[in-house]
Every structure is written in structure tokens, then in C-alpha cells.
file structure.cif (mmCIF, C-alpha atoms)
data_target
loop_
_atom_site.label_atom_id
_atom_site.label_comp_id
_atom_site.auth_asym_id
_atom_site.auth_seq_id
_atom_site.Cartn_x
_atom_site.Cartn_y
_atom_site.Cartn_z
CA MET A 1 -2.84 21.07 -15.33
CA ASN A 2 -1.29 24.43 -14.43
CA ASP A 3 -2.83 26.27 -11.47
CA GLN A 4 -4.98 23.26 -10.67
CA ALA A 5 -5.09 23.67 -6.92
CA SER A 6 -6.73 26.73 -5.47
CA GLU A 7 -5.21 28.63 -2.62
CA GLN A 8 -6.16 27.11 0.68
CA ARG A 9 -9.45 28.78 1.44
CA GLN A 10 -9.72 29.06 5.18
CA PRO A 11 -8.06 27.35 8.13
CA MET A 12 -9.63 23.98 8.86
CA GLU A 13 -9.15 21.48 11.62
CA HIS A 14 -6.25 19.13 10.96
CA ARG A 15 -4.79 15.98 12.46
CA ASP A 16 -1.23 14.66 12.37
CA TYR A 17 -0.43 11.00 11.62
CA HIS A 18 2.52 8.63 11.18
CA ALA A 19 2.96 7.11 7.70
CA CYS A 20 6.27 5.69 6.42
CA GLY A 21 8.21 7.74 8.96
CA LEU A 22 6.57 10.94 7.75
CA ARG A 23 4.54 13.39 9.78
CA VAL A 24 1.37 13.68 7.71
CA ARG A 25 -0.87 16.66 8.49
CA SER A 26 -4.34 16.05 7.09
CA GLN A 27 -7.58 17.98 6.86
CA LEU A 28 -9.27 14.62 6.28
CA PRO A 29 -9.70 12.30 9.28
CA LEU A 30 -7.82 9.07 8.50
CA ALA A 31 -9.18 6.25 10.64
CA GLY A 32 -6.70 3.49 11.42
CA LEU A 33 -3.54 5.62 11.24
CA VAL A 34 -1.23 6.15 14.20
CA PRO A 35 -1.50 9.73 15.57
CA TRP A 36 1.67 11.82 15.67
CA PRO A 37 2.03 13.44 19.12
CA GLU A 38 2.51 17.19 19.28
CA ASP A 39 6.28 17.66 19.50
CA GLY A 40 6.79 20.92 17.63
CA SER A 41 8.14 19.27 14.48
CA ALA A 42 7.01 20.49 11.08
CA PRO A 43 4.84 18.22 8.92
CA ASP A 44 6.52 16.36 6.06
CA VAL A 45 3.32 15.97 4.05
CA LEU A 46 0.18 18.10 3.85
CA ILE A 47 -3.22 16.69 2.82
CA LEU A 48 -5.52 19.61 2.04
CA THR A 49 -8.95 20.11 0.58
CA GLY A 50 -9.19 22.40 -2.45
CA GLN A 51 -10.17 22.69 -6.07
CA VAL A 52 -8.45 20.57 -8.70
CA ALA A 53 -9.20 21.37 -12.33
CA GLU A 54 -10.18 18.64 -14.75
CA ALA A 55 -7.18 17.17 -16.57
CA GLY A 56 -6.59 18.19 -20.19
CA SER A 57 -7.65 16.06 -23.15
CA GLU A 58 -4.05 14.92 -23.72
CA SER A 59 -4.15 12.92 -20.47
CA ASP A 60 -5.38 9.38 -20.11
CA ARG A 61 -8.75 8.76 -18.54
CA TYR A 62 -7.73 8.69 -14.87
CA PHE A 63 -4.03 9.57 -14.47
CA SER A 64 -2.18 12.61 -15.78
CA LEU A 65 1.21 14.20 -15.23
CA ASP A 66 2.38 17.80 -15.40
CA PRO A 67 5.77 18.80 -16.88
CA ASP A 68 6.78 19.86 -13.35
CA GLY A 69 6.12 16.35 -12.01
CA ALA A 70 2.78 17.02 -10.29
CA CYS A 71 0.32 14.22 -10.99
CA GLN A 72 -3.42 13.86 -10.81
CA LEU A 73 -5.77 10.95 -10.21
CA ASP A 74 -9.44 11.35 -11.23
CA VAL A 75 -11.84 8.86 -9.64
CA PRO A 76 -15.35 9.49 -11.01
CA GLY A 77 -17.90 9.95 -8.26
CA VAL A 78 -15.22 10.07 -5.56
CA ALA A 79 -12.59 12.80 -5.98
CA ARG A 80 -9.83 14.42 -7.96
CA PHE A 81 -6.45 14.12 -6.24
CA LEU A 82 -3.43 16.28 -7.03
CA VAL A 83 -0.01 15.14 -5.76
CA ARG A 84 3.06 17.36 -6.02
CA GLY A 85 6.64 17.45 -4.83
CA GLY A 86 6.29 14.41 -2.59
CA ARG A 87 4.96 16.84 0.02
CA GLU A 88 1.43 17.92 -0.82
CA ILE A 89 -1.87 16.25 -1.70
CA ILE A 90 -4.96 18.25 -2.69
CA VAL A 91 -8.33 16.49 -2.45
CA ASP A 92 -11.30 17.84 -4.42
CA SER A 93 -14.46 15.95 -3.51
CA ARG A 94 -18.12 16.46 -2.69
CA LEU A 95 -18.13 13.46 -0.36
CA PRO A 96 -17.93 13.89 3.43
CA LEU A 97 -14.31 14.23 4.55
CA ASP A 98 -14.55 10.99 6.53
CA ALA A 99 -16.03 8.98 3.62
CA PRO A 100 -14.25 5.59 3.44
CA ASP A 101 -14.03 5.84 -0.37
CA LEU A 102 -11.70 8.83 -0.01
CA ALA A 103 -9.37 6.94 2.33
CA VAL A 104 -9.24 3.90 0.00
CA PHE A 105 -7.70 5.94 -2.83
CA LEU A 106 -5.81 8.41 -0.67
CA LEU A 107 -3.95 5.68 1.24
CA GLY A 108 -3.51 3.53 -1.85
CA SER A 109 -2.81 4.98 -5.30
CA VAL A 110 -2.36 8.57 -4.17
CA PHE A 111 0.15 7.75 -1.44
CA GLY A 112 1.94 5.45 -3.89
CA PHE A 113 2.37 8.38 -6.29
CA LEU A 114 3.77 10.52 -3.47
CA CYS A 115 6.31 7.77 -2.71
CA TYR A 116 7.44 7.75 -6.36
CA GLN A 117 7.95 11.50 -6.15
CA ARG A 118 10.21 10.88 -3.14
CA ALA A 119 12.20 8.28 -5.14
CA TRP A 120 10.96 5.47 -2.88
CA LEU A 121 9.81 2.16 -4.35
CA PRO A 122 6.19 1.18 -3.52
CA LEU A 123 5.34 -2.50 -3.94
CA ARG A 124 1.90 -4.04 -4.39
CA ALA A 125 2.31 -6.10 -1.24
CA SER A 126 1.34 -6.57 2.38
CA CYS A 127 4.10 -7.03 4.91
CA VAL A 128 4.66 -8.38 8.44
CA ALA A 129 7.59 -8.40 10.86
CA MET A 130 9.26 -11.75 11.52
CA ASP A 131 12.31 -12.23 13.70
CA GLY A 132 13.36 -8.59 13.43
CA ALA A 133 12.98 -8.33 9.65
CA ALA A 134 10.17 -7.73 7.14
CA VAL A 135 8.54 -10.39 4.95
CA ALA A 136 6.38 -9.11 2.09
CA PHE A 137 3.54 -10.89 0.30
CA ALA A 138 3.02 -9.56 -3.23
CA GLY A 139 0.23 -10.24 -5.68
CA LEU A 140 -2.66 -8.89 -7.70
CA SER A 141 -5.84 -7.55 -6.11
CA GLY A 142 -7.67 -10.49 -4.54
CA ALA A 143 -4.55 -12.64 -4.31
CA GLY A 144 -4.89 -12.84 -0.52
CA LYS A 145 -2.13 -10.47 0.58
CA SER A 146 -4.14 -8.74 3.28
CA THR A 147 -5.85 -11.93 4.42
CA LEU A 148 -2.56 -13.73 4.93
CA ALA A 149 -1.06 -10.74 6.71
CA ALA A 150 -4.11 -10.51 9.00
CA LYS A 151 -3.78 -14.18 9.95
CA LEU A 152 -0.05 -13.79 10.63
CA VAL A 153 -0.82 -10.82 12.88
CA GLU A 154 -3.16 -13.13 14.83
CA LEU A 155 -0.24 -15.54 15.21
CA GLY A 156 1.87 -12.79 16.78
CA TYR A 157 3.69 -11.23 13.81
CA PRO A 158 3.12 -7.44 13.69
CA LEU A 159 1.82 -5.79 10.55
CA VAL A 160 4.27 -3.47 8.78
CA ALA A 161 2.17 -2.42 5.76
CA ASP A 162 -0.97 -3.45 3.90
CA GLU A 163 -1.53 -3.32 0.14
CA VAL A 164 1.33 -0.84 -0.43
CA THR A 165 4.76 -1.75 0.98
CA VAL A 166 7.26 1.10 0.65
CA VAL A 167 10.98 0.36 0.26
CA ARG A 168 13.61 3.04 0.77
CA PHE A 169 17.16 2.55 -0.52
CA GLN A 170 20.06 4.05 1.45
CA GLY A 171 23.56 3.43 0.21
CA ASP A 172 23.88 -0.31 -0.37
CA GLY A 173 21.01 -1.15 1.97
CA GLN A 174 17.22 -1.05 1.95
CA ALA A 175 14.42 -0.89 4.48
CA VAL A 176 10.65 -1.22 4.54
CA LEU A 177 9.00 1.88 5.98
CA PRO A 178 6.04 0.99 8.25
CA SER A 179 2.83 2.54 6.97
CA PHE A 180 -0.23 2.12 9.23
CA PRO A 181 -2.24 -0.63 10.97
CA ARG A 182 -5.32 -0.08 8.80
CA GLN A 183 -6.25 -2.96 6.50
CA THR A 184 -9.13 -3.59 4.10
CA LEU A 185 -10.40 -7.16 3.89
CA TRP A 186 -13.04 -8.92 1.80
CA ALA A 187 -16.17 -10.08 3.61
CA ASP A 188 -15.32 -13.78 3.11
CA ALA A 189 -11.85 -13.22 4.57
CA ILE A 190 -13.33 -11.44 7.59
CA GLN A 191 -15.67 -14.39 8.11
CA ALA A 192 -12.99 -17.05 7.61
CA LEU A 193 -10.63 -15.40 10.10
CA GLU A 194 -13.47 -14.64 12.52
CA LEU A 195 -12.51 -10.95 12.71
CA LYS A 196 -14.76 -8.08 13.70
CA PRO A 197 -15.42 -5.94 10.60
CA GLY A 198 -15.07 -2.18 10.70
CA ARG A 199 -16.67 0.27 8.27
CA ALA A 200 -17.67 -0.97 4.85
CA VAL A 201 -15.56 0.41 2.00
CA ARG A 202 -15.97 0.26 -1.77
CA SER A 203 -17.68 -2.74 -3.35
CA LEU A 204 -16.20 -4.47 -6.38
CA GLU A 205 -18.25 -6.92 -8.43
CA ARG A 206 -20.76 -7.16 -5.57
CA PHE A 207 -18.12 -8.31 -3.06
CA GLN A 208 -17.82 -6.00 -0.07
CA ARG A 209 -14.61 -4.94 1.68
CA PHE A 210 -14.34 -3.79 5.27
CA GLU A 211 -11.84 -1.80 7.28
CA HIS A 212 -9.90 -3.70 9.92
CA CYS A 213 -7.25 -2.41 12.32
CA ALA A 214 -4.40 -4.83 13.03
CA SER A 215 -3.93 -5.63 16.71
CA ARG A 216 -0.13 -5.62 16.33
CA PHE A 217 1.86 -3.07 14.33
CA SER A 218 5.60 -2.53 13.87
CA THR A 219 6.63 1.13 14.02
CA ASP A 220 10.32 0.70 13.11
CA PRO A 221 11.85 0.50 9.62
CA LEU A 222 12.94 -3.08 8.94
CA GLN A 223 15.26 -4.70 6.44
CA LEU A 224 13.31 -6.69 3.86
CA ALA A 225 14.22 -10.37 4.32
CA ALA A 226 11.97 -12.05 1.73
CA ILE A 227 9.32 -11.36 -0.90
CA CYS A 228 6.70 -14.06 -1.48
CA HIS A 229 4.65 -13.78 -4.67
CA LEU A 230 1.21 -15.23 -3.96
CA GLU A 231 -0.44 -17.57 -6.45
CA VAL A 232 -3.52 -19.71 -6.09
CA GLY A 233 -2.66 -23.40 -6.04
CA THR A 234 -2.00 -26.45 -3.94
CA GLY A 235 1.29 -27.64 -2.60
CA THR A 236 2.87 -29.83 0.03
CA PRO A 237 4.83 -28.16 2.86
CA LEU A 238 8.08 -28.87 0.98
CA ASP A 239 7.05 -27.14 -2.26
CA LEU A 240 5.07 -24.36 -0.58
CA LEU A 241 7.83 -21.88 -1.45
CA LYS A 242 9.60 -22.08 -4.80
CA PRO A 243 12.78 -19.92 -5.02
CA LEU A 244 12.89 -17.39 -7.86
CA ARG A 245 16.26 -16.35 -9.28
CA GLY A 246 17.89 -14.36 -12.05
CA LEU A 247 15.75 -12.75 -14.71
CA GLU A 248 12.62 -14.45 -13.37
CA ALA A 249 13.16 -12.76 -10.00
CA VAL A 250 13.67 -9.36 -11.67
CA ASN A 251 10.52 -9.77 -13.76
CA ARG A 252 8.50 -10.78 -10.70
CA MET A 253 9.89 -7.75 -8.89
CA ARG A 254 8.78 -5.43 -11.67
CA ALA A 255 5.35 -7.06 -11.74
CA ALA A 256 5.07 -6.40 -7.99
CA THR A 257 5.87 -2.70 -8.40
CA TYR A 258 2.82 -0.65 -7.43
CA ARG A 259 0.98 1.11 -10.28
CA LEU A 260 3.98 0.52 -12.55
CA ALA A 261 2.68 2.44 -15.60
CA ALA A 262 2.10 5.58 -13.51
CA GLY A 263 5.38 5.03 -11.69
CA ARG A 264 7.30 5.04 -14.97
CA LYS A 265 5.82 8.42 -15.87
CA ILE A 266 6.52 9.94 -12.45
CA ALA A 267 10.08 8.56 -12.46
CA GLY A 268 10.73 10.02 -15.91
CA GLY A 269 11.11 6.69 -17.64
CA ASP A 270 11.79 3.05 -16.97
CA GLU A 271 15.48 3.20 -16.04
CA ARG A 272 15.19 4.16 -12.36
CA LEU A 273 12.49 1.58 -11.66
CA MET A 274 14.39 -1.11 -13.54
CA VAL A 275 17.50 -0.43 -11.47
CA SER A 276 15.48 -0.49 -8.24
CA ALA A 277 13.78 -3.77 -9.17
CA ALA A 278 17.11 -5.34 -10.11
CA LYS A 279 18.75 -4.16 -6.87
CA LEU A 280 15.95 -5.56 -4.77
CA ALA A 281 15.85 -8.85 -6.69
CA ALA A 282 19.61 -9.27 -6.16
CA ALA A 283 19.52 -8.41 -2.46
CA VAL A 284 16.29 -10.04 -1.24
CA PRO A 285 15.31 -13.72 -1.64
CA GLN A 286 12.09 -14.13 -3.63
CA PHE A 287 9.68 -17.03 -3.74
CA GLN A 288 6.58 -18.21 -5.51
CA LEU A 289 4.06 -18.92 -2.73
CA ARG A 290 1.15 -21.23 -3.47
CA ARG A 291 -1.90 -20.42 -1.38
CA PRO A 292 -5.24 -22.22 -0.91
CA THR A 293 -8.20 -21.31 -3.09
CA ASP A 294 -10.55 -20.94 -0.13
CA PHE A 295 -9.93 -18.33 2.58
CA LYS A 296 -11.20 -20.79 5.21
CA ASP A 297 -7.98 -22.78 4.69
CA PHE A 298 -5.77 -19.76 5.46
CA PRO A 299 -5.34 -20.48 9.21
CA GLU A 300 -3.68 -23.85 8.53
CA PHE A 301 -1.84 -22.41 5.53
CA ALA A 302 -0.36 -19.61 7.66
CA LEU A 303 0.94 -22.10 10.23
CA ARG A 304 2.58 -24.18 7.48
CA LEU A 305 4.14 -21.03 6.01
CA VAL A 306 5.60 -19.89 9.34
CA ASP A 307 7.11 -23.35 9.84
CA ARG A 308 8.56 -23.40 6.30
CA LEU A 309 10.05 -19.92 6.61
CA GLY A 310 11.59 -20.94 9.94
CA GLN A 311 13.25 -23.93 8.28
CA MET A 312 14.75 -21.68 5.59
CA SER A 313 16.11 -18.98 7.91
#
call {"tool": "encode", "arguments": {"input": "structure.cif", "output": "C-alpha cells"}}
result
Amino acid sequence: MNDQASEQRQPMEHRDYHACGLRVRSQLPLAGLVPWPEDGSAPDVLILTGQVAEAGSESDRYFSLDPDGACQLDVPGVARFLVRGGREIIVDSRLPLDAPDLAVFLLGSVFGFLCYQRAWLPLRASCVAMDGAAVAFAGLSGAGKSTLAAKLVELGYPLVADEVTVVRFQGDGQAVLPSFPRQTLWADAIQALELKPGRAVRSLERFQRFEHCASRFSTDPLQLAAICHLEVGTGTPLDLLKPLRGLEAVNRMRAATYRLAAGRKIAGGDERLMVSAAKLAAAVPQFQLRRPTDFKDFPEFALRLVDRLGQMS
């Protein structure tokens, strides 16, 4: 993958945004991100358009890694993305720069890879602010992370991150870095929560997702107070949250690590991620959270959850 990105061709219009405390200067318009006001500071991350060569045959189908740590994501029909040094992203695509498909991957997998390059830990979780701390909801795609976060925002709890929650370790402490108020929600979740849908984004198995901008957003880094691992099931208010401890908590933490296989490669092996997962599991209470099967039951479920978390604080 040597010399994959061409020299920047000609100056193009750019915009500056907040993301995880970084000033991100992008040639792609990124709807739903908080603008960074002009204050003379240099950008921390550049998102540029350019040419990215096809990965070599030794790479897997979609993800590849250079010896120098630069990594590439190939999404057929959408774009090739090159991420290097935790500071630069090159986007090679024939789609319009404001195409929602580009933003889905750019603000998901690609930004997750950049966080790994910065030695931050991205989690597959959505996150809200509660009582001055962050509470994360982890789970597989379709588990209801974004839907639950959207309902909690309606109840007055600001969004901190959606889909990818980034944790930064400093000394003996940790903090969640607020990403952006943009969410993507399934059509049935939009309907159940009676939200106004934004632009349609990629379809999966004939189910459509839509952009949604949270009405409340926390802009300050927050200590992570709890991680709730979402599972479909029923439960009474008393067994809504099941504490996870020891090795089970560590294993759940690893399972919640965003794009773990790619993260291992970027981190140069499993050791750093294992240590991070163990540190987080030891420092932050974790719970199994049973959620309703039907999104229409989420409003009542969210109220029960807030009450239960209040009892445990």
C-alpha cells in the first residue's frame, strides 16, 4: 500500500468540526457535527479527497494494514479510505461529497481506526450523560443502542456519542470523549419514538436507517460511570440490570471493543487492547441490560432504566 494517496490536487473548500475534542478539517461536508469556530488553532485531523490504490492481494477483502501503521478500508461501491498517523484520512470515491453513505463509514469504522492509531479505545456503544458522568450502552448492530440513547435524550439526558464511544486513558483515570450529535436510527425506531427522520442512509436487509440529530449534546469529556450490555429479553424492574464481574466483565468488555479484529492489527497485537479492556472492566461497573423486543416498548423501558440506575447510584 505504499504511495497510496496522491498529493492533494488543488485547494478545495473545507469545514472544521468538533469530534472527540479534535479539530477536524474536512473537504467533505459532515452533517450533524458541531462546527469548530475560527480561532486560529491548527487542525488535529485532516479529511481529504484523493486517490487510494487498491490493496495488495495479501490483504483481506476489506481491511488492510501497512508496515508503517497506515490502514485502508475498501467499501465496494462507496469508497476507499486510507487512515494514517491518527491525523489524516484520504477518501477516494466517485459519490458526491455529501453522500450519506460516505458519512456512515467515515464517522464509523474509519474514525474508529483513527482512534486506535491515537491509542484511544473505541467501544461499540452509544452513550449519554447522567448526573455529570457518562453511561454507555454496548451491543451488536441492531441491539437498540441508538434507540435507547435517543429516548434518554428525550427524557433530558444529553447524548455523548452514538455507535462509537471513545475512551481515553490518562494516568489512572479515564474519560469518554464526546463525538457528535448525529445519530442513525432504524425506521421502526424513528416511528416508535415519534421522531422526525432526516436523510435516508444505507439500507440493510431492506430495513432503512435515517439520520437524526440529538436535541441535547454534551460537549465535555466525562468519566465513564457504567457500561450496560444490551440483550433482548424480558425482566422485572429488579432484574433489569444484572451486574457483571471478574472474567465475565473482561470478556464482555472485549466483545464491546469496536472492530476488534482490525483494532488488534492496528495496535500491533492483542496485549494493549487486553490491558485496556481489563483496566476498564476493573474501574467501571458493568451490567447485562435486558431490553424489550419491540421498539414501541422503549419509552416505558427507558423510564424504568432511569429509575433503576438512580436506585443504584
call {"tool": "closest_residue", "arguments": {"input": "structure.cif", "among": "A:Ser276, A:Ser64, A:Gln191, A:Thr184", "to": "Ala119 (chain A)", "atoms": "only C-alpha atoms"}}
result
A:Ser276
call {"tool": "closest_residue", "arguments": {"input": "structure.cif", "among": "A:Val128, A:Arg15, A:Leu303, A:Leu260", "to": "Met274 (chain A)", "atoms": "all atoms listed in the file"}}
result
A:Leu260
call {"tool": "closest_residue", "arguments": {"input": "structure.cif", "among": "A:Gly21, A:Pro37, A:Pro299, A:Gly310", "to": "Leu155 (chain A)", "atoms": "all atoms listed in the file"}}
result
A:Pro299
call {"tool": "atom_distance", "arguments": {"input": "structure.cif", "atom1": "CA of Pro243 (chain A)", "atom2": "CA of Phe287 (chain A)"}}
result
4.4 Å
call {"tool": "resolve_selection", "arguments": {"input": "structure.cif", "expression": "the PyMOL selection byres ((chain A and resi 149) around 12)", "output": "NGL selection string"}}
result
:A and (125-130 or 134-138 or 143-148 or 150-163 or 181-185 or 189 or 193 or 212-217 or 228 or 230 or 298-299 or 301-302 or 305-306)
call {"tool": "atom_distance", "arguments": {"input": "structure.cif", "atom1": "CA of Ser141 (chain A)", "atom2": "CA of Val166 (chain A)"}}
result
17.1 Å
